[in-house]
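Trainee: One file is attached below, start_34.pdb, containing PDB, C-alpha atoms.
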```pdb
ATOM      1  CA  MET A   1     -93.101 -12.184   3.004
ATOM      2  CA  ILE A   2     -91.769 -13.672  -0.117
ATOM      3  CA  ALA A   3     -95.122 -13.290  -1.576
ATOM      4  CA  ASN A   4     -95.173  -9.623  -0.744
ATOM      5  CA  LEU A   5     -91.851  -9.103  -2.342
ATOM      6  CA  VAL A   6     -92.899 -10.928  -5.419
ATOM      7  CA  GLN A   7     -96.001  -8.722  -5.580
ATOM      8  CA  LEU A   8     -94.008  -5.607  -5.113
ATOM      9  CA  ALA A   9     -91.519  -6.664  -7.708
ATOM     10  CA  ALA A  10     -94.242  -7.564 -10.093
ATOM     11  CA  GLY A  11     -96.158  -4.359  -9.410
ATOM     12  CA  GLU A  12     -93.355  -1.889  -9.863
ATOM     13  CA  GLU A  13     -90.665  -1.925 -12.376
ATOM     14  CA  GLN A  14     -87.657  -0.483 -10.689
ATOM     15  CA  ASN A  15     -84.280   0.416 -12.075
ATOM     16  CA  PRO A  16     -81.754  -2.089 -10.735
ATOM     17  CA  LEU A  17     -79.064   0.605 -10.498
ATOM     18  CA  ILE A  18     -81.054   2.922  -8.219
ATOM     19  CA  PRO A  19     -81.835   1.416  -4.793
ATOM     20  CA  PRO A  20     -85.141   2.040  -3.067
ATOM     21  CA  GLY A  21     -85.351   5.179  -0.842
ATOM     22  CA  PRO A  22     -85.320   3.583   2.628
ATOM     23  CA  GLU A  23     -82.414   1.380   1.690
ATOM     24  CA  LEU A  24     -80.550   4.395   0.355
ATOM     25  CA  LEU A  25     -81.187   6.255   3.614
ATOM     26  CA  VAL A  26     -79.958   3.364   5.795
ATOM     27  CA  GLY A  27     -76.850   2.941   3.562
ATOM     28  CA  THR A  28     -76.060   6.656   3.744
ATOM     29  CA  ILE A  29     -76.387   6.669   7.574
ATOM     30  CA  ALA A  30     -74.194   3.544   7.844
ATOM     31  CA  PHE A  31     -71.636   5.118   5.499
ATOM     32  CA  ALA A  32     -71.631   8.320   7.559
ATOM     33  CA  ILE A  33     -71.067   6.327  10.809
ATOM     34  CA  VAL A  34     -68.210   4.307   9.294
ATOM     35  CA  PHE A  35     -66.737   7.482   7.698
ATOM     36  CA  PHE A  36     -66.981   9.367  11.032
ATOM     37  CA  PHE A  37     -65.301   6.426  12.842
ATOM     38  CA  PHE A  38     -62.477   6.301  10.264
ATOM     39  CA  TRP A  39     -62.112  10.092  10.309
ATOM     40  CA  LYS A  40     -61.996  10.354  14.138
ATOM     41  CA  LYS A  41     -60.156   7.191  15.106
ATOM     42  CA  LEU A  42     -58.294   5.585  12.229
ATOM     43  CA  LEU A  43     -57.183   8.620  10.197
ATOM     44  CA  PRO A  44     -55.308  10.318  13.137
ATOM     45  CA  ASN A  45     -53.512   7.051  13.899
ATOM     46  CA  ILE A  46     -52.575   6.602  10.248
ATOM     47  CA  ASN A  47     -51.391  10.246  10.036
ATOM     48  CA  LYS A  48     -49.440   9.809  13.282
ATOM     49  CA  VAL A  49     -47.697   6.670  11.963
ATOM     50  CA  LEU A  50     -46.976   8.393   8.622
ATOM     51  CA  GLU A  51     -45.587  11.459  10.421
ATOM     52  CA  GLU A  52     -43.366   9.293  12.615
ATOM     53  CA  ARG A  53     -42.144   7.460   9.564
ATOM     54  CA  ARG A  54     -41.463  10.696   7.712
ATOM     55  CA  ALA A  55     -39.563  12.045  10.761
ATOM     56  CA  ALA A  56     -37.585   8.801  11.043
ATOM     57  CA  ILE A  57     -36.695   8.918   7.351
ATOM     58  CA  GLU A  58     -35.716  12.587   7.492
ATOM     59  CA  GLY A  59     -33.769  11.948  10.723
ATOM     60  CA  GLY A  60     -32.041   9.014   9.048
ATOM     61  CA  ILE A  61     -31.167  11.158   6.057
ATOM     62  CA  GLU A  62     -29.853  13.939   8.304
ATOM     63  CA  GLU A  63     -27.911  11.387  10.346
ATOM     64  CA  ALA A  64     -26.520   9.867   7.169
ATOM     65  CA  GLU A  65     -25.439  13.305   5.945
ATOM     66  CA  THR A  66     -23.882  14.048   9.333
ATOM     67  CA  MET A  67     -22.061  10.729   9.247
ATOM     68  CA  LYS A  68     -20.955  11.440   5.675
ATOM     69  CA  VAL A  69     -19.550  14.830   6.717
ATOM     70  CA  GLU A  70     -17.878  13.226   9.734
ATOM     71  CA  ALA A  71     -16.458  10.428   7.576
ATOM     72  CA  GLN A  72     -15.138  13.022   5.124
ATOM     73  CA  SER A  73     -13.540  14.890   8.032
ATOM     74  CA  VAL A  74     -11.946  11.689   9.321
ATOM     75  CA  LEU A  75     -10.719  10.916   5.810
ATOM     76  CA  GLU A  76      -9.131  14.358   5.528
ATOM     77  CA  GLN A  77      -7.492  13.923   8.946
ATOM     78  CA  TYR A  78      -6.206  10.512   7.869
ATOM     79  CA  LYS A  79      -4.807  11.954   4.650
ATOM     80  CA  ALA A  80      -3.173  14.792   6.596
ATOM     81  CA  GLN A  81      -1.655  12.347   9.086
ATOM     82  CA  LEU A  82      -0.469  10.132   6.242
ATOM     83  CA  ALA A  83       1.159  13.101   4.520
ATOM     84  CA  GLU A  84       2.745  14.150   7.817
ATOM     85  CA  ALA A  85       4.000  10.596   8.407
ATOM     86  CA  ARG A  86       5.510  10.498   4.911
ATOM     87  CA  HIS A  87       7.170  13.861   5.528
ATOM     88  CA  GLU A  88       8.514  12.642   8.879
ATOM     89  CA  ALA A  89       9.792   9.428   7.273
ATOM     90  CA  ALA A  90      11.564  11.449   4.578
ATOM     91  CA  ARG A  91      13.079  13.704   7.249
ATOM     92  CA  LEU A  92      14.248  10.702   9.283
ATOM     93  CA  ARG A  93      15.683   9.076   6.172
ATOM     94  CA  GLN A  94      17.570  12.309   5.379
ATOM     95  CA  GLU A  95      18.876  12.524   8.956
ATOM     96  CA  ALA A  96      19.991   8.891   8.785
ATOM     97  CA  GLN A  97      21.840   9.557   5.523
ATOM     98  CA  GLU A  98      23.522  12.615   7.039
ATOM     99  CA  GLN A  99      24.471  10.680  10.160
ATOM    100  CA  GLY A 100      25.775   7.851   7.983
ATOM    101  CA  ALA A 101      27.882  10.282   5.963
ATOM    102  CA  THR A 102      29.184  11.864   9.176
ATOM    103  CA  LEU A 103      29.955   8.442  10.628
ATOM    104  CA  ILE A 104      31.766   7.402   7.438
ATOM    105  CA  ALA A 105      33.805  10.621   7.501
ATOM    106  CA  GLU A 106      34.671  10.058  11.167
ATOM    107  CA  MET A 107      35.637   6.448  10.482
ATOM    108  CA  ARG A 108      37.820   7.539   7.546
ATOM    109  CA  ALA A 109      39.501  10.169   9.701
ATOM    110  CA  GLU A 110      40.037   7.598  12.465
ATOM    111  CA  GLY A 111      41.422   5.114   9.916
ATOM    112  CA  GLN A 112      43.728   7.784   8.510
ATOM    113  CA  ARG A 113      44.919   8.678  12.024
ATOM    114  CA  GLN A 114      45.539   5.014  12.862
ATOM    115  CA  ARG A 115      47.369   4.508   9.566
ATOM    116  CA  GLU A 116      49.581   7.497  10.296
ATOM    117  CA  GLU A 117      50.279   6.153  13.799
ATOM    118  CA  ILE A 118      51.168   2.752  12.356
ATOM    119  CA  VAL A 119      53.431   4.331   9.720
ATOM    120  CA  ALA A 120      55.095   6.515  12.358
ATOM    121  CA  ALA A 121      55.547   3.509  14.641
ATOM    122  CA  GLY A 122      57.007   1.581  11.671
ATOM    123  CA  HIS A 123      59.432   4.390  10.906
ATOM    124  CA  SER A 124      60.448   4.565  14.567
ATOM    125  CA  GLN A 125      60.942   0.804  14.637
ATOM    126  CA  ILE A 126      62.955   0.895  11.423
ATOM    127  CA  GLU A 127      65.119   3.726  12.794
ATOM    128  CA  ALA A 128      65.669   1.827  16.049
ATOM    129  CA  ASP A 129      66.488  -1.359  14.109
ATOM    130  CA  ARG A 130      68.870   0.600  11.849
ATOM    131  CA  LYS A 131      70.648   2.086  14.870
ATOM    132  CA  ALA A 132      70.891  -1.328  16.541
ATOM    133  CA  ALA A 133      72.170  -2.878  13.305
ATOM    134  CA  ALA A 134      74.668  -0.026  12.868
ATOM    135  CA  SER A 135      75.879  -0.447  16.446
ATOM    136  CA  ALA A 136      76.149  -4.225  16.056
ATOM    137  CA  LEU A 137      77.867  -3.777  12.704
ATOM    138  CA  ARG A 138      80.247  -1.204  14.179
ATOM    139  CA  GLN A 139      81.185  -3.636  16.945
ATOM    140  CA  ASP A 140      81.589  -6.533  14.507
ATOM    141  CA  VAL A 141      83.612  -4.434  12.041
ATOM    142  CA  GLY A 142      85.726  -3.092  14.912
ATOM    143  CA  LYS A 143      86.440  -6.577  16.185
ATOM    144  CA  LEU A 144      87.274  -7.856  12.702
ATOM    145  CA  ALA A 145      89.475  -4.817  12.011
ATOM    146  CA  THR A 146      91.305  -5.231  15.307
ATOM    147  CA  ASP A 147      91.850  -8.938  14.662
ATOM    148  CA  LEU A 148      93.055  -8.244  11.135
ATOM    149  CA  ALA A 149      95.331  -5.428  12.272
ATOM    150  CA  GLY A 150      96.721  -7.669  15.009
ATOM    151  CA  LYS A 151      97.501 -10.370  12.472
ATOM    152  CA  LEU A 152      99.152  -7.901  10.106
ATOM    153  CA  VAL A 153     101.230  -6.262  12.787
ATOM    154  CA  GLY A 154     101.875  -9.495  14.576
ATOM    155  CA  GLU A 155     100.823  -8.079  17.926
ATOM    156  CA  SER A 156      97.649  -8.236  19.851
ATOM    157  CA  LEU A 157      95.675  -5.024  19.962
ATOM    158  CA  GLU A 158      93.650  -5.803  23.035
ATOM    159  CA  ASP A 159      93.385  -2.342  24.526
ATOM    160  CA  HIS A 160      89.668  -1.560  24.344
ATOM    161  CA  ALA A 161      89.885   2.188  24.665
ATOM    162  CA  ARG A 162      92.347   2.380  21.842
ATOM    163  CA  GLN A 163      90.311  -0.077  19.779
ATOM    164  CA  SER A 164      87.170   1.985  20.232
ATOM    165  CA  ARG A 165      88.919   5.178  19.182
ATOM    166  CA  VAL A 166      90.465   3.577  16.121
ATOM    167  CA  ILE A 167      87.187   1.952  15.095
ATOM    168  CA  ASP A 168      85.159   5.095  15.641
ATOM    169  CA  ARG A 169      87.611   7.151  13.637
ATOM    170  CA  PHE A 170      87.654   4.572  10.825
ATOM    171  CA  LEU A 171      83.840   4.348  10.655
ATOM    172  CA  ASP A 172      83.424   8.117  10.826
ATOM    173  CA  ASP A 173      85.797   8.445   7.874
ATOM    174  CA  LEU A 174      83.731   5.850   5.961
ATOM    175  CA  GLU A 175      80.478   7.693   6.713
ATOM    176  CA  GLU A 176      81.947  11.012   5.594
ATOM    177  CA  LYS A 177      83.104   9.457   2.324
ATOM    178  CA  ALA A 178      79.701   7.859   1.796
ATOM    179  CA  GLU A 179      77.883  11.174   2.403
ATOM    180  CA  ALA A 180      80.273  13.041   0.149
ATOM    181  CA  GLY A 181      79.632  10.517  -2.644
ATOM    182  CA  ARG A 182      75.906  11.067  -2.590
TER
END
```
Just dump the structure as structure tokens.

Mentor:
Amino acid sequence: MIANLVQLAAGEEQNPLIPPGPELLVGTIAFAIVFFFFWKKLLPNINKVLEERRAAIEGGIEEAETMKVEAQSVLEQYKAQLAEARHEAARLRQEAQEQGATLIAEMRAEGQRQREEIVAAGHSQIEADRKAAASALRQDVGKLATDLAGKLVGESLEDHARQSRVIDRFLDDLEEKAEAGR
């Protein structure tokens, strides 16, 4: 066999780039079988995988866009709630200031009322003390006047009714003179 090949090679000068006819035919048939196998079996599987991948990518993009829109919506809701909360806080702060001012005004009015009650009670107490002092003074002055008059006259002026009348008349005269001098 090697000898035959050597003879064939020696006998014919062939171009090394162009294969012999039977070899070319067998190569073409083998290529057609492999191509048919790839075209019928492998190519649909590859296309199926590529299609699934494309669908997954497009679905992921659509899902991402949906999530982006949803996130934007949530952000807007959050901003609206935040603005509403700030508005509510400002309203509550204003109400608290108004209530504080009202409470201060009420406390001032109550303080003023209590002060007036205390002043009125003080005036009443002073008037009562003045009357008690005047009464005590009237009695003391009456007693001193009666004692003095008794010593001057040389007799005892022990009659109480008469003493009271004399003292009252004397003190009334003093009060009238004091009021006239004002």

Trainee: In file coordinates, which residues lie within 7 Å of (87.6, 0.1, 12.1) using all atoms listed in the file, given as a list in words?

Mentor: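 Checked against the point, the hits come out as Val141, Gly142, Ala145, Val166, Ile167, Asp168, Phe170 and Leu171 of chain A.
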
Trainee: Just give me the gap between atom CA of Arg165 of chain A and atom CA of Ala180 of chain A in Å, one decimal is fine.

Mentor: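 Atom CA of Ala180 of chain A lies at a distance of 22.3 Å from atom CA of Arg165 of chain A.
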
Trainee: In Å to one decimal, how far is atom CA of Glu70 of chain A from atom CA of Ala85 of chain A?

Mentor: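 Computed distance, atom CA of Ala85 of chain A to atom CA of Glu70 of chain A, equals 22.1 Å.
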